[in-house]
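Please read the structure below before turning to the comments.
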Amino acid sequence: QAAIRAGLGERGGAVVNISSGTVHKTTPKMIAYAAAKSALNAITRVLARDLAPLGIRVNSVAPGLTKTSGTREMWEPDDGAAAASNLLLGRLTTADDIAAACAFLLSDDARQITGQIIDVDAGNHLMGGGWTPMTDETIQGRIR
């Protein structure tokens, strides 16, 4: 609301939410996170419809496992080779991959795109339930 009052829609504004590929999986012990990201996807679609008359586009980017300091324990032992071997494109997503998708959705090149959730996950969402490095063991290690 504050962004709209500040003029977000005056020249065709755009919003990009950061969702997650967890909505495609049944990742152990991640029920609250997956539920929150599923809700964010619904918010993205509803806001896209509600804000379109104001000239505002609303989309989301849904990263898969991303090579960051926060996920280091899942990829560091082999620099991500094992995790990447489970992905269709054969490499882990990077922060730059996510930033590029966001920059596109915020640009005029995406002026006709609204209400979409774009998976940036090397094709993981195409693999049935998807692959996840999160297991009961890795989650227990993070809790301790």
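Labeling convention for the structure tokens: chains A, B, ... as they appear, residues from 1 per chain, ligands from 1 in order of appearance.
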Counting only C-alpha atoms, which residues in range 89-129 of chain A sit no more than 7 Å from range 60-80 of chain A? For each one, give the nearest pair of atoms and the distance in Å, sorted by chain then residue number, as JSON lines.
{"residue": "A:Leu92", "atom": "CA", "partner": "A:Thr66", "partner_atom": "CA", "distance": 6.1}
{"residue": "A:Thr93", "atom": "CA", "partner": "A:Thr66", "partner_atom": "CA", "distance": 4.7}
{"residue": "A:Thr94", "atom": "CA", "partner": "A:Lys67", "partner_atom": "CA", "distance": 5.2}
{"residue": "A:Ala95", "atom": "CA", "partner": "A:Thr66", "partner_atom": "CA", "distance": 6.8}
{"residue": "A:Ile98", "atom": "CA", "partner": "A:Pro63", "partner_atom": "CA", "distance": 6.8}
{"residue": "A:Cys102", "atom": "CA", "partner": "A:Val61", "partner_atom": "CA", "distance": 6.8}
{"residue": "A:Gln116", "atom": "CA", "partner": "A:Ser60", "partner_atom": "CA", "distance": 6.2}
{"residue": "A:Ile117", "atom": "CA", "partner": "A:Ser60", "partner_atom": "CA", "distance": 4.6}
{"residue": "A:Ile118", "atom": "CA", "partner": "A:Val61", "partner_atom": "CA", "distance": 4.8}
{"residue": "A:Asp119", "atom": "CA", "partner": "A:Ala62", "partner_atom": "CA", "distance": 4.6}
{"residue": "A:Val120", "atom": "CA", "partner": "A:Pro63", "partner_atom": "CA", "distance": 4.7}
{"residue": "A:Asp121", "atom": "CA", "partner": "A:Gly64", "partner_atom": "CA", "distance": 4.3}
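For Ala39 in chain A, the non-local neighbours within 10 Å, defined as residues at least 5 positions apart in the same chain or in other chains and counting only C-alpha atoms, are Ser19, Val23, Tyr33, Ala34 and Thr44 of chain A.
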Keeping only C-alpha atoms, write the selected residues to a file as a tab-separated table (two decimals), in the first residue's frame.
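Final output, saved to again_30.tsv:
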chain	number	residue	atom	x	y	z
A	19	SER	CA	9.05	-18.05	-3.56
A	23	VAL	CA	5.98	-26.09	-3.09
A	33	TYR	CA	8.14	-23.19	5.03
A	34	ALA	CA	6.35	-24.98	2.17
A	44	THR	CA	1.28	-13.30	-6.12
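Assigned to strand (DSSP E or B) in chain A, given DSSP computed from backbone atoms, are Ala14, Val15, Val16, Asn17, Ile18, Arg57, Val58, Asn59, Ser60, Val61, Ala62, Pro63, Thr66, Lys67, Thr93, Thr94, Ile117, Ile118, Asp119 and Val120 of chain A.
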Could you please take those selected residues and save N, CA, C and O atoms as a tab-separated table (two decimals), in the first residue's frame?
chain	number	residue	atom	x	y	z
A	14	ALA	N	6.33	-2.84	-11.12
A	14	ALA	CA	6.44	-4.30	-11.08
A	14	ALA	C	6.96	-4.73	-9.71
A	14	ALA	O	7.78	-4.05	-9.10
A	15	VAL	N	6.45	-5.88	-9.28
A	15	VAL	CA	6.85	-6.49	-8.01
A	15	VAL	C	7.29	-7.91	-8.31
A	15	VAL	O	6.63	-8.61	-9.08
A	16	VAL	N	8.38	-8.34	-7.69
A	16	VAL	CA	8.80	-9.74	-7.79
A	16	VAL	C	8.98	-10.28	-6.38
A	16	VAL	O	9.77	-9.75	-5.60
A	17	ASN	N	8.22	-11.31	-6.06
A	17	ASN	CA	8.34	-12.02	-4.79
A	17	ASN	C	9.32	-13.17	-4.97
A	17	ASN	O	9.47	-13.71	-6.06
A	18	ILE	N	9.96	-13.58	-3.88
A	18	ILE	CA	10.84	-14.74	-3.92
A	18	ILE	C	10.13	-15.90	-3.24
A	18	ILE	O	9.93	-15.90	-2.02
A	57	ARG	N	2.47	-4.97	-12.30
A	57	ARG	CA	2.62	-6.40	-12.54
A	57	ARG	C	3.20	-7.05	-11.29
A	57	ARG	O	4.05	-6.46	-10.63
A	58	VAL	N	2.73	-8.26	-10.97
A	58	VAL	CA	3.23	-8.98	-9.80
A	58	VAL	C	3.57	-10.40	-10.22
A	58	VAL	O	2.72	-11.11	-10.77
A	59	ASN	N	4.80	-10.82	-9.99
A	59	ASN	CA	5.28	-12.16	-10.33
A	59	ASN	C	6.14	-12.68	-9.19
A	59	ASN	O	6.49	-11.93	-8.27
A	60	SER	N	6.51	-13.94	-9.27
A	60	SER	CA	7.43	-14.55	-8.31
A	60	SER	C	8.49	-15.34	-9.03
A	60	SER	O	8.26	-15.87	-10.13
A	61	VAL	N	9.63	-15.46	-8.38
A	61	VAL	CA	10.70	-16.35	-8.81
A	61	VAL	C	10.82	-17.41	-7.73
A	61	VAL	O	10.84	-17.09	-6.53
A	62	ALA	N	10.86	-18.68	-8.15
A	62	ALA	CA	10.93	-19.80	-7.21
A	62	ALA	C	12.25	-20.55	-7.40
A	62	ALA	O	12.34	-21.42	-8.26
A	63	PRO	N	13.27	-20.21	-6.63
A	63	PRO	CA	14.55	-20.90	-6.77
A	63	PRO	C	14.49	-22.33	-6.24
A	63	PRO	O	13.71	-22.63	-5.32
A	66	THR	N	20.04	-23.45	-4.13
A	66	THR	CA	20.90	-22.39	-4.65
A	66	THR	C	22.23	-22.41	-3.92
A	66	THR	O	22.27	-22.52	-2.69
A	67	LYS	N	23.28	-22.29	-4.67
A	67	LYS	CA	24.64	-22.34	-4.12
A	67	LYS	C	24.93	-21.01	-3.40
A	67	LYS	O	25.31	-20.02	-4.02
A	93	THR	N	21.83	-23.88	-9.08
A	93	THR	CA	21.41	-22.50	-9.28
A	93	THR	C	22.31	-21.60	-8.45
A	93	THR	O	22.71	-21.96	-7.34
A	94	THR	N	22.62	-20.42	-8.99
A	94	THR	CA	23.40	-19.43	-8.25
A	94	THR	C	22.54	-18.20	-7.98
A	94	THR	O	21.48	-18.02	-8.59
A	117	ILE	N	4.64	-17.58	-11.57
A	117	ILE	CA	5.69	-18.05	-10.67
A	117	ILE	C	6.68	-18.80	-11.54
A	117	ILE	O	6.33	-19.82	-12.15
A	118	ILE	N	7.88	-18.27	-11.67
A	118	ILE	CA	8.90	-18.84	-12.55
A	118	ILE	C	9.89	-19.65	-11.73
A	118	ILE	O	10.55	-19.12	-10.83
A	119	ASP	N	9.97	-20.95	-12.03
A	119	ASP	CA	10.93	-21.82	-11.36
A	119	ASP	C	12.31	-21.59	-11.94
A	119	ASP	O	12.51	-21.67	-13.15
A	120	VAL	N	13.27	-21.28	-11.08
A	120	VAL	CA	14.67	-21.12	-11.46
A	120	VAL	C	15.41	-22.20	-10.68
A	120	VAL	O	15.91	-21.98	-9.59
**OP:** Name the residues of chain A that come out as alpha helix (DSSP H) in a backbone DSSP run; write them as a ChimeraX atom specification.
**Re:** /A:2-5,31-51,72-75,81-85,95-106,136-143
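Within 10 Å of Gly123 in chain A, once only C-alpha atoms are used and residues closer than 6 positions along the same chain are dropped, the contacting residues are Gly64, Asn86, Leu87, Leu88, Leu89, Gly90 and Gly130 of chain A.
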**OP:** For CA of Leu105 in chain A and CA of Asn124 in chain A, determine how far apart the two atoms are, in Å to one decimal place.
**Re:**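 Distance reported for this atom pair: 20.7 Å.
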Original post:
From the list A:Met127, A:Gly115, A:Asp109, A:Ala6, which residue is nearest Ile43 in chain A when using only C-alpha atoms?
Top reply: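 Looking only at the distances to Ile43 in chain A, the closest residue turns out to be A:Gly115.
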Subject >> Atom-to-atom span, CA of Ala3 in chain A and CA of Leu47 in chain A, Å >> reply: 13.4 Å
Original post:
With only C-alpha atoms as the basis for distance, which of A:Leu51, A:Ile56, A:Ala42, A:Ala35 is at the shortest distance from Arg11 in chain A?
Top reply: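 Nearest to Arg11 in chain A: A:Ile56.
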Subject >> Nearest to Gly9 in chain A by atom-to-atom distance, counting only C-alpha atoms, from A:Ala81, A:Ala101, A:Leu126, A:Ala52 >> reply: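 Among the listed residues, A:Ala52 lies closest to Gly9 in chain A.
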